[in-house]
Every structure is written in structure tokens, then in C-alpha cells.
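Note sheet for the following structure.
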Amino acid sequence: EWSFYLVSLRSQGVTEGYNGTIFAYGQTGSGKSFTMQGVVDPSAQKGIIPRAFEHLFESVQCAENAKFLVRASYLEIYNEDIRDLLGADTKQKLE
């Protein structure tokens with residue numbers, strides 16, 4: 001919950017026009033993917049990404065007289081290789 005509180009502060013800045021980045025760094029097997037993605041059920045174990053998007057889109061819905069453009073990327077950097085995890089081919093390395 002504490003880590004999401006920090007992320008919610010970052011996503012609040014995004015609704016005010018600032019760019020935002022959430023970055024997970026650590027050893028292989030340390031739990032980065034679980035922390036970022038979590039699981040759907042139980043909802044208490046949702047990760048930072050779904051919680052941040054929920055918070056962001058709730059804020060956008062409540063905003064009056066404002067337009068928003070939301071862009072997102074989800075990248076993996078491993079052994080100096082970069083992969084786009086939202087792309088059609090998640091195994092393809094980016095240049």
C-alpha cells in the first residue's frame with residue numbers, strides 16, 4: 001500500500017500536465033514483476049500498474065473542462081536488450 005501511495009502522488013502530477021515514469025529495478029527473482037502487475041483476484045494484490053491506471057482514469061473522469069491524451073509504454077530492459085511488452089511481438093528487441 002505504501003508503494004502505491006507514492007505512485008498515486010506521481011500519477012496526480014500527470015493529470016496536472018507533467019510526464020511521469022514508474023521504474024522497477026532489482027535483481028532477477030526479487031519480485032519486480034509481481035509488484036508491478038500483481039494479480040486480479042484478490043484485488044488487494046493488484047500491482048502498481050493496474051492501481052495507477054485506475055487512479056489516473058478516475059482523475060481524468062472527474063476533471064471538468066479539460067482534455068487528456070494518455071500514452072503508455074511498458075518496457076523491459078534485460079542484459080542491455082530492450083523489449084516493448086505492449087507490442088505485437090514482445091520477444092522482438094528494440095534498437
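In the C-alpha cells, the first chain shown is A, the next is B, and so on; residue numbers restart at 1 for each chain, and ligands run from 1 in the order shown.
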Practice prompt. Determine, counting only C-alpha atoms, which protein, DNA and RNA residues have an atom within 12 Å of an atom of Val39 (chain A); residues of the same chain fewer than 5 positions away are not included. Present the result as a list in words.
Written response: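 Surrounding residues, per the criterion: Ser33, Phe34, Ala44, Gln45, Lys46, Gly47, Ile48, Ile49, Pro50 and Arg51 of chain A.
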Any chance you can output those residues with N, CA and C atoms as an mmCIF file, in the first residue's frame?
data_model
loop_
_atom_site.group_PDB
_atom_site.id
_atom_site.type_symbol
_atom_site.label_atom_id
_atom_site.label_comp_id
_atom_site.auth_asym_id
_atom_site.auth_seq_id
_atom_site.Cartn_x
_atom_site.Cartn_y
_atom_site.Cartn_z
ATOM 1 N N SER A 33 8.187 -7.931 -11.142
ATOM 2 C CA SER A 33 7.012 -8.168 -11.993
ATOM 3 C C SER A 33 5.752 -8.305 -11.150
ATOM 4 N N PHE A 34 5.833 -9.016 -10.058
ATOM 5 C CA PHE A 34 4.660 -9.175 -9.196
ATOM 6 C C PHE A 34 4.255 -7.838 -8.592
ATOM 7 N N ALA A 44 -6.787 -6.939 -3.417
ATOM 8 C CA ALA A 44 -5.768 -6.384 -2.520
ATOM 9 C C ALA A 44 -4.360 -6.672 -3.036
ATOM 10 N N GLN A 45 -4.227 -7.628 -3.977
ATOM 11 C CA GLN A 45 -2.923 -7.976 -4.527
ATOM 12 C C GLN A 45 -2.723 -7.435 -5.936
ATOM 13 N N LYS A 46 -3.534 -6.443 -6.323
ATOM 14 C CA LYS A 46 -3.297 -5.788 -7.613
ATOM 15 C C LYS A 46 -1.955 -5.079 -7.548
ATOM 16 N N GLY A 47 -1.283 -5.056 -8.671
ATOM 17 C CA GLY A 47 0.020 -4.419 -8.713
ATOM 18 C C GLY A 47 -0.058 -2.913 -8.887
ATOM 19 N N ILE A 48 1.103 -2.305 -8.954
ATOM 20 C CA ILE A 48 1.197 -0.862 -9.086
ATOM 21 C C ILE A 48 0.607 -0.378 -10.411
ATOM 22 N N ILE A 49 0.831 -1.108 -11.500
ATOM 23 C CA ILE A 49 0.338 -0.671 -12.810
ATOM 24 C C ILE A 49 -1.187 -0.585 -12.845
ATOM 25 N N PRO A 50 -1.939 -1.651 -12.509
ATOM 26 C CA PRO A 50 -3.391 -1.509 -12.556
ATOM 27 C C PRO A 50 -3.924 -0.462 -11.578
ATOM 28 N N ARG A 51 -3.296 -0.322 -10.419
ATOM 29 C CA ARG A 51 -3.743 0.681 -9.453
ATOM 30 C C ARG A 51 -3.491 2.092 -9.986
#
Item to complete: Extract, using only C-alpha atoms, all DNA, RNA and protein residues at most 12 Å from Ile77 (chain A), discarding same-chain residues fewer than 3 positions from it, and format them as a list in words.
Response: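 Counting only C-alpha atoms, the residues come to Phe23, Ala24, Tyr25, Gly26, Thr28, Tyr74, Glu80, Asp81, Ile82, Arg83, Asp84, Leu85, Thr90, Lys91, Lys93, Leu94 and Glu95 of chain A.
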Worksheet item: DSSP says strand (DSSP E) for which residues of region 16-84 of chain A? Put them as a PyMOL selection string?
Response: chain A and resi 75-78+81-84
Item to complete: Run DSSP on the backbone of this structure and report the residues of chain A it assigns to helix (DSSP H, G or I), as a VMD selection string.
Response: chain A and resid 2 to 14 32 to 37 43 to 45 48 to 62
Discussion item. When you look at Val60 (chain A) with a cut-off of 12 Å (counting only C-alpha atoms), what residues show up, excluding the ones that are within fewer than 3 positions of it in the same chain? I need them as a list in words.
Written reply: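 Everything that qualifies: Ser11, Gln12, Gly13, Val14, Thr15, Glu16, Gly17, Phe53, Glu54, His55, Leu56, Phe57, Ala63, Glu64, Asn65, Ala66, Lys67, Phe68, Leu69 and Val70 of chain A.
CA of Ser30 (chain A) to CA of Ala72 (chain A) spans 24.3 Å [interatomic distance, one decimal].
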Worksheet item: What does the distance between CA of Ser73 (chain A) and CA of Leu86 (chain A) come to in Å, to one decimal place?
Response: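 One can read the CA of Ser73 (chain A) to CA of Leu86 (chain A) distance as 6.8 Å.
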